[in-house]
Amino acid sequence: MLFRGLRLALLVSPLSLHAAEPAVHEFRLDNGLKLLVQEDHRAPAVVTQVWYKVGASYEHGGVTGISHMLEHMMFKGTEKHPPGEFSRIIAANGGRENAFTGQDYTAYFQTLEKTRLPVSFELEADRMRNLLLSDKEFKKEQQVVLEERRLRTDDQPRAKMEEHFQAVAYTNSPYKNPVIGWPDDVGGLNVDDLKNWYGLWYAPNNATLVVVGDVNPGDVHALARKHFGPLKPSHLPEIKPRGEVEQLGPRRMTVRVPAKLPYLAMGFKTPALRTAGEADWEAYALEVAAGILDGGNSARLSSRLVRGQQVAASAGAGYDLYSRLSNLFTLEGTPAQGKTLQALEKALGEEIRRLRDEPVSAAELERVKAQVLAQHIYQRDSMFYQAMQLGMTETVGLGWKTVREYVDKVNAVTAEQVQKVARKYLVDDRLSVAYLEPLPLPEGAKAPEEAAPMGGDHVR
Amino acid sequence: MSVKRVFRVVVFLLLLTSAPAFAVPEIQHWVSPRGGRVYFVPTEGLPLLDVRVVFDAGSARDGDKFGLAALTSGMLDTGAGDWDADAIAQRLENVGASLGTGISRDSAYMSLRSLTHPEKLDVALETGREILARPRFEQKDFEREKSRTLLAIKQRGEEPDELADIAFFRALYGNHPYAHPQEGFAETVAPLTREDLTDFHKRYYVASNAIVVIVGEVKRADAEAIAERLLSGLEKGAAPPALPAPAPLGPAETVKQPFPSEQTHVRAGVLGMTATDPDYFPLYVGNHILGGSGLVSLISKEVREKRGLSYNAYSYFMPLRELGPFQMGLQTRNDQAGEALRVALETVKEFAANGPSDKELEAAKKNIVGGFVLRLDSNQKLAEQVAVVAFYNRPLDYLAKFTGKVEAVTREDIRRAFRSRIDPDKIRTVLVGGGAK
């Protein structure tokens, strides 16, 4: 017999679900710097992020990885603050800091107790215009980045396969290059390349400053004017369109590297929200399609391919709504024990065919929307994530208001629209497929009884 | 103009005075009539709730069936009560709840995040209750999940970093229950049966072995009802006996495992500290200086900033119920593995012998104390911190007293604690990669 347990009568109004969105206060300084401030008074903390409109997709051949390399060098000192001092000052103020580079952005952040916000502004303003790029520091950091590349890509079979997959899936889009750069390009960079890149892109009129936390927007604005206001704007380079040419048929490739398991990646050329133009519903319909396939454990890939047919040990789908240029709707997976890459590809292809041929059920659509609504509230538990969303949408040219439209736009998507975008974009002529075929590796770790003494030399 | 001037003065003052004291949320605690310990922190501002139910049922409880705790935990949401995996997932996802299960060496947990909307929360809690109390462990699900685990174990064999961790724990712990990896080995997972799982669940997923952590926008009375409901399906049972202490280390050893990678992954360390260690604060603050504070830590400065030898070089203590490891780690191009290891080990030994300078200690305290609020600035982080306090039976005012205890640490405390824990003649070193020759 099923024991139902205690019923709760919680004294929480359902209205609180629709609690007002926190306001975003937008300012622009005379030198072009955009400032976005969102209040969150739950804890006396503040997140600062500086987003620059430059990343791997702005790079040209021969210097791939230069945006990421420059990100590393941004911690290597200005006239005022010698190498390493940026991090020491933030640490002494109890802060956490780091930076990240993507295809469409380079961003720097600090999280601090709220009264320390001036510390972050002073340091970020200083390195926005006054970076010293010394040859000595550059040569060391170049080695660090090459180690990072070995760690993240060269010794990771799947990451390596993904890198080659992107290079084949795109013909001319800059997304064909890895963010960290090709090894020869990273190794071939010199400090003058970095100085030139810094001079081109690091200026207040190419940056967005995002502040989320226990702050007053007017005070933050005044503080920003004080620290960033005196910085000179630059004449920025013209951004070339670099749109991907039309794909004229399916593409297939194989990567053979030492690995233990095979792996599959598939990608269909799709518009991003920014490139969908007037038809922005298409991008949201693709977002919902990804949710139908992979929005949780009840979604189709887990339910049908991992549990039902047991053709996949794991499978996923992804779509990047907020990229600057057109992107890929991706599927990936690992075949289950005894299943082949071909069988998994067929099963994933069958799921795509279903999206094209049959409207998704009302229950599935509702489930995706319920999760979107809940996630939207959960995300407000993280100041950092909220700042990320504002900074990213602003930097790729969509504008931060896009974040506020997300729930309504997803809610408006119909089953018919999902089917329409599947028929238009999830088709053979737009498809690229990559197989990872493992080459032999030595035995992995074994249980003690059967293992040779540590599987190698054992030296005292 | 005048506004600007006033503002500058205000900023100046704020920087001179230390940050206003941050009111650390108070942890409410009671023991359920069913035997479980309950910890509750009410929060305001967002209509959400984070719940964690934690059991002393981690991989240290595997016995000789390495991987049993992990597979048991991994199967909880593949069928429970009247529902199969699809039904469970649909129930949760219909109300936007997210549920996860997992293990560490010491513990097994279920985490549940839900909106506080009454009907939605009701569905989430009922599903969580059934998953804990009445998992099905059906044969077909068992076969599938075991097979997936075996594939994951196989894939581990393409990751030199994971292989280094496995070799390091074995070198440190020998036959102790902490020695084996949480997922087990292919040879120990393959013979597992569904009866092993049902036995493990019956023994360890019991109210007397459970801790419930509730953090979110609900009232005390609601929290009491939520805890009772989550525990309501569990047998009373009993907490398991204490784990044995790990055997003291003998003379230093180095393990070299060749692997066809471009980098060599390095680990070195000794038995470190327990979660309730009397030297917890000196060791924690000391390691913050040595290798626990990212790019400004001593190991990172020596290995990365000065010499460009590694992207990631660090050290940490992992406090566990029994002595957890102290470990240093890095990865580097194969031909410079020896040099990187030498630099990092010298840094560790020098610090263990002499401790930090006044300036280094001062900087570390400023960082830890000044940044303490950042550990508690979201519902989720708060729930995680409270779960650690609860599981290891730390005092309820642990978080409230944390910064005071950090401030009280002296150079001499650190020097004494490090000298007593890190004996350079007992360090276990592991190298996995092309440079392990």
# chains A, B, ... in the order shown; residues from 1 in each chain; ligands from 1
$ interface_residues --of "chain B" --to "chain A" --cutoff "6 Å" --atoms "only C-alpha atoms" --output "VMD selection string"
chain B and resid 86 89 to 90 94 96 117 to 118 148 155 157 to 158 185 229 253 to 257 261 308 310 to 311 363 366 to 368 370 to 371 377 to 378
$ select_by_dssp --residues "segment 7-232 of chain B" --states "alpha helix (DSSP H)" --output "ChimeraX atom specification"
/B:7-16,68-75,85-94,118-133,139-156,160-173,186-189,194-204,220-231
$ residues_around --residues "Leu68 of chain B" --least-positions-apart "3" --cutoff "12 Å" --atoms "only C-alpha atoms" --output "MDAnalysis selection string"
chainID B and resid 57:65 71:75 103 105 108 142 145:146 149 180:186 188:201 204
$ residues_around --residues "Leu321 of chain A" --least-positions-apart "4" --cutoff "12 Å" --atoms "only C-alpha atoms" --output "VMD selection string"
chain A and resid 270 to 276 280 to 290 325 to 329 389 392 to 393 396 398 402 to 403 406 410
$ write_last_selection --atoms "C-alpha atoms" --output "PDB file, in the first residue's frame"
ATOM      1  CA  THR A 270      20.817  27.125 -37.843  1.00  0.00           C
ATOM      2  CA  PRO A 271      20.318  30.860 -37.339  1.00  0.00           C
ATOM      3  CA  ALA A 272      20.980  32.353 -33.911  1.00  0.00           C
ATOM      4  CA  LEU A 273      18.520  34.822 -32.403  1.00  0.00           C
ATOM      5  CA  ARG A 274      20.596  37.707 -33.720  1.00  0.00           C
ATOM      6  CA  THR A 275      20.816  36.383 -37.280  1.00  0.00           C
ATOM      7  CA  ALA A 276      17.176  35.208 -37.408  1.00  0.00           C
ATOM      8  CA  ASP A 280      13.029  35.668 -34.121  1.00  0.00           C
ATOM      9  CA  TRP A 281      10.396  33.046 -33.253  1.00  0.00           C
ATOM     10  CA  GLU A 282      12.502  30.586 -35.241  1.00  0.00           C
ATOM     11  CA  ALA A 283      15.334  30.875 -32.750  1.00  0.00           C
ATOM     12  CA  TYR A 284      13.002  30.348 -29.784  1.00  0.00           C
ATOM     13  CA  ALA A 285      11.389  27.387 -31.555  1.00  0.00           C
ATOM     14  CA  LEU A 286      14.864  25.851 -31.993  1.00  0.00           C
ATOM     15  CA  GLU A 287      15.501  26.478 -28.296  1.00  0.00           C
ATOM     16  CA  VAL A 288      12.291  24.584 -27.484  1.00  0.00           C
ATOM     17  CA  ALA A 289      13.250  21.792 -29.899  1.00  0.00           C
ATOM     18  CA  ALA A 290      16.514  21.342 -27.974  1.00  0.00           C
ATOM     19  CA  LEU A 325      26.788  34.620 -35.782  1.00  0.00           C
ATOM     20  CA  SER A 326      24.773  31.679 -37.069  1.00  0.00           C
ATOM     21  CA  ASN A 327      25.579  28.506 -35.224  1.00  0.00           C
ATOM     22  CA  LEU A 328      24.924  24.772 -35.034  1.00  0.00           C
ATOM     23  CA  PHE A 329      22.054  22.846 -33.492  1.00  0.00           C
ATOM     24  CA  GLN A 389      23.275  36.994 -19.097  1.00  0.00           C
ATOM     25  CA  MET A 392      26.555  38.399 -22.931  1.00  0.00           C
ATOM     26  CA  THR A 393      23.371  39.582 -24.652  1.00  0.00           C
ATOM     27  CA  VAL A 396      26.724  39.996 -28.956  1.00  0.00           C
ATOM     28  CA  LEU A 398      21.114  41.675 -28.876  1.00  0.00           C
ATOM     29  CA  THR A 402      16.467  40.102 -24.593  1.00  0.00           C
ATOM     30  CA  VAL A 403      16.990  38.365 -21.255  1.00  0.00           C
ATOM     31  CA  TYR A 406      13.034  35.050 -22.759  1.00  0.00           C
ATOM     32  CA  VAL A 410       9.525  30.622 -25.103  1.00  0.00           C
TER      33      VAL A 410
END
$ residues_around --residues "Gly272 of chain B" --least-positions-apart "4" --cutoff "7 Å" --atoms "only C-alpha atoms" --output "count of residues only"
6
$ residues_around --residues "Ser232 of chain B" --least-positions-apart "2" --cutoff "8 Å" --atoms "only C-alpha atoms" --output "compact mmCIF listing (two decimals) with N, CA and C atoms, in the first residue's frame"
# COMPACT_ATOMS: atom_id res chain seq x y z
N GLY A 5 2.05 10.03 3.02
CA GLY A 5 2.81 11.04 3.77
C GLY A 5 1.95 12.23 4.14
N ARG B 34 11.68 10.41 14.26
CA ARG B 34 12.09 9.18 13.55
C ARG B 34 13.58 8.94 13.65
N ARG B 129 10.49 11.77 -1.54
CA ARG B 129 10.24 10.80 -0.46
C ARG B 129 10.25 9.37 -0.98
N GLU B 228 9.72 15.68 8.27
CA GLU B 228 9.00 14.45 8.65
C GLU B 228 8.54 13.70 7.41
N ARG B 229 8.09 14.46 6.44
CA ARG B 229 7.58 13.81 5.24
C ARG B 229 8.71 13.07 4.50
N LEU B 230 9.87 13.71 4.36
CA LEU B 230 10.97 13.08 3.63
C LEU B 230 11.48 11.84 4.36
N LEU B 234 11.25 5.93 5.68
CA LEU B 234 12.48 5.20 6.02
C LEU B 234 12.32 4.39 7.30
$ select_by_dssp --residues "segment 200-412 of chain B" --states "strand (DSSP E)" --output "ChimeraX atom specification"
/B:210-216,253-258,263-271,313-317,325-333
$ write_last_selection --atoms "N, CA and C atoms" --output "CSV table (one decimal), in the first residue's frame"
chain,number,residue,atom,x,y,z
B,210,ALA,N,20.3,9.5,8.8
B,210,ALA,CA,20.0,10.6,7.8
B,210,ALA,C,20.1,11.9,8.4
B,211,ILE,N,20.4,12.9,7.6
B,211,ILE,CA,20.5,14.3,7.9
B,211,ILE,C,19.6,15.0,6.9
B,212,VAL,N,18.7,15.9,7.3
B,212,VAL,CA,17.9,16.7,6.4
B,212,VAL,C,18.3,18.2,6.6
B,213,VAL,N,18.6,18.8,5.4
B,213,VAL,CA,19.0,20.2,5.4
B,213,VAL,C,17.9,20.9,4.6
B,214,ILE,N,17.4,22.0,5.1
B,214,ILE,CA,16.3,22.7,4.4
B,214,ILE,C,16.7,24.2,4.5
B,215,VAL,N,16.8,24.8,3.3
B,215,VAL,CA,17.2,26.2,3.2
B,215,VAL,C,16.2,26.8,2.1
B,216,GLY,N,15.5,27.8,2.6
B,216,GLY,CA,14.6,28.5,1.6
B,216,GLY,C,13.5,29.3,2.2
B,253,GLU,N,57.2,7.1,-1.1
B,253,GLU,CA,57.1,6.3,-2.3
B,253,GLU,C,56.8,7.1,-3.5
B,254,THR,N,57.3,6.7,-4.7
B,254,THR,CA,56.9,7.3,-6.0
B,254,THR,C,56.4,6.3,-6.9
B,255,VAL,N,55.2,6.6,-7.5
B,255,VAL,CA,54.6,5.7,-8.4
B,255,VAL,C,54.6,6.3,-9.8
B,256,LYS,N,55.1,5.6,-10.8
B,256,LYS,CA,55.2,6.1,-12.2
B,256,LYS,C,54.4,5.3,-13.1
B,257,GLN,N,53.4,5.9,-13.8
B,257,GLN,CA,52.5,5.1,-14.7
B,257,GLN,C,52.6,5.8,-16.1
B,258,PRO,N,53.3,5.1,-17.0
B,258,PRO,CA,53.4,5.7,-18.4
B,258,PRO,C,52.0,5.8,-19.0
B,263,GLN,N,51.0,15.7,-21.7
B,263,GLN,CA,51.3,16.2,-20.4
B,263,GLN,C,51.5,15.0,-19.4
B,264,THR,N,52.3,15.3,-18.4
B,264,THR,CA,52.3,14.4,-17.3
B,264,THR,C,51.6,15.0,-16.1
B,265,HIS,N,50.7,14.2,-15.5
B,265,HIS,CA,49.9,14.6,-14.4
B,265,HIS,C,50.6,14.2,-13.1
B,266,VAL,N,50.8,15.1,-12.2
B,266,VAL,CA,51.6,14.9,-11.0
B,266,VAL,C,50.7,15.1,-9.7
B,267,ARG,N,50.9,14.2,-8.8
B,267,ARG,CA,50.2,14.3,-7.5
B,267,ARG,C,51.3,14.1,-6.4
B,268,ALA,N,51.2,14.8,-5.3
B,268,ALA,CA,52.1,14.4,-4.2
B,268,ALA,C,51.4,14.8,-2.9
B,269,GLY,N,51.5,14.0,-1.9
B,269,GLY,CA,50.9,14.4,-0.6
B,269,GLY,C,51.0,13.3,0.5
B,270,VAL,N,50.3,13.6,1.6
B,270,VAL,CA,50.3,12.7,2.7
B,270,VAL,C,48.9,12.6,3.3
B,271,LEU,N,48.7,11.9,4.4
B,271,LEU,CA,47.4,11.9,5.1
B,271,LEU,C,47.3,13.3,5.8
B,313,ALA,N,48.4,24.7,-10.9
B,313,ALA,CA,49.2,24.0,-9.8
B,313,ALA,C,48.6,24.5,-8.5
B,314,TYR,N,48.4,23.5,-7.6
B,314,TYR,CA,47.6,23.8,-6.4
B,314,TYR,C,47.9,22.9,-5.3
B,315,SER,N,47.4,23.1,-4.1
B,315,SER,CA,47.4,22.1,-3.0
B,315,SER,C,46.1,22.3,-2.2
B,316,TYR,N,45.7,21.2,-1.6
B,316,TYR,CA,44.5,21.3,-0.7
B,316,TYR,C,44.5,20.2,0.3
B,317,PHE,N,43.8,20.5,1.4
B,317,PHE,CA,43.4,19.4,2.3
B,317,PHE,C,42.0,19.1,2.0
B,325,PRO,N,43.0,13.3,2.5
B,325,PRO,CA,44.4,13.6,2.0
B,325,PRO,C,44.8,15.1,2.0
B,326,PHE,N,46.1,15.3,2.1
B,326,PHE,CA,46.6,16.6,1.7
B,326,PHE,C,47.3,16.3,0.4
B,327,GLN,N,46.9,17.1,-0.6
B,327,GLN,CA,47.6,16.8,-1.9
B,327,GLN,C,47.9,18.0,-2.7
B,328,MET,N,49.1,17.9,-3.4
B,328,MET,CA,49.6,18.9,-4.3
B,328,MET,C,49.4,18.4,-5.7
B,329,GLY,N,49.0,19.2,-6.6
B,329,GLY,CA,48.9,18.6,-8.0
B,329,GLY,C,49.2,19.7,-9.1
B,330,LEU,N,49.6,19.2,-10.2
B,330,LEU,CA,49.9,20.0,-11.4
B,330,LEU,C,50.0,19.1,-12.6
B,331,GLN,N,50.0,19.7,-13.8
B,331,GLN,CA,50.2,18.9,-15.0
B,331,GLN,C,51.1,19.8,-15.9
B,332,THR,N,52.0,19.1,-16.6
B,332,THR,CA,53.0,19.9,-17.4
B,332,THR,C,53.5,19.0,-18.6
B,333,ARG,N,54.0,19.7,-19.6
B,333,ARG,CA,54.6,19.0,-20.7
B,333,ARG,C,55.6,17.9,-20.2
$ residues_around --residues "Ala56 of chain A" --least-positions-apart "2" --cutoff "7 Å" --atoms "only C-alpha atoms" --output "CSV table (one decimal) with C-alpha atoms, in the first residue's frame"
chain,number,residue,atom,x,y,z
A,58,TYR,CA,37.0,38.5,-34.4
A,59,GLU,CA,40.3,36.9,-35.2
A,64,THR,CA,43.9,32.4,-33.7
A,65,GLY,CA,43.9,32.4,-29.9
A,67,SER,CA,42.0,37.2,-27.7
A,102,GLY,CA,34.5,33.0,-25.9
A,103,GLN,CA,33.9,33.2,-29.7
A,104,ASP,CA,32.1,36.5,-29.2
A,179,VAL,CA,38.9,29.8,-28.9
$ atom_distance --atom1 "atom CA of Thr78 of chain A" --atom2 "atom CA of Asp126 of chain A"
7.3 Å
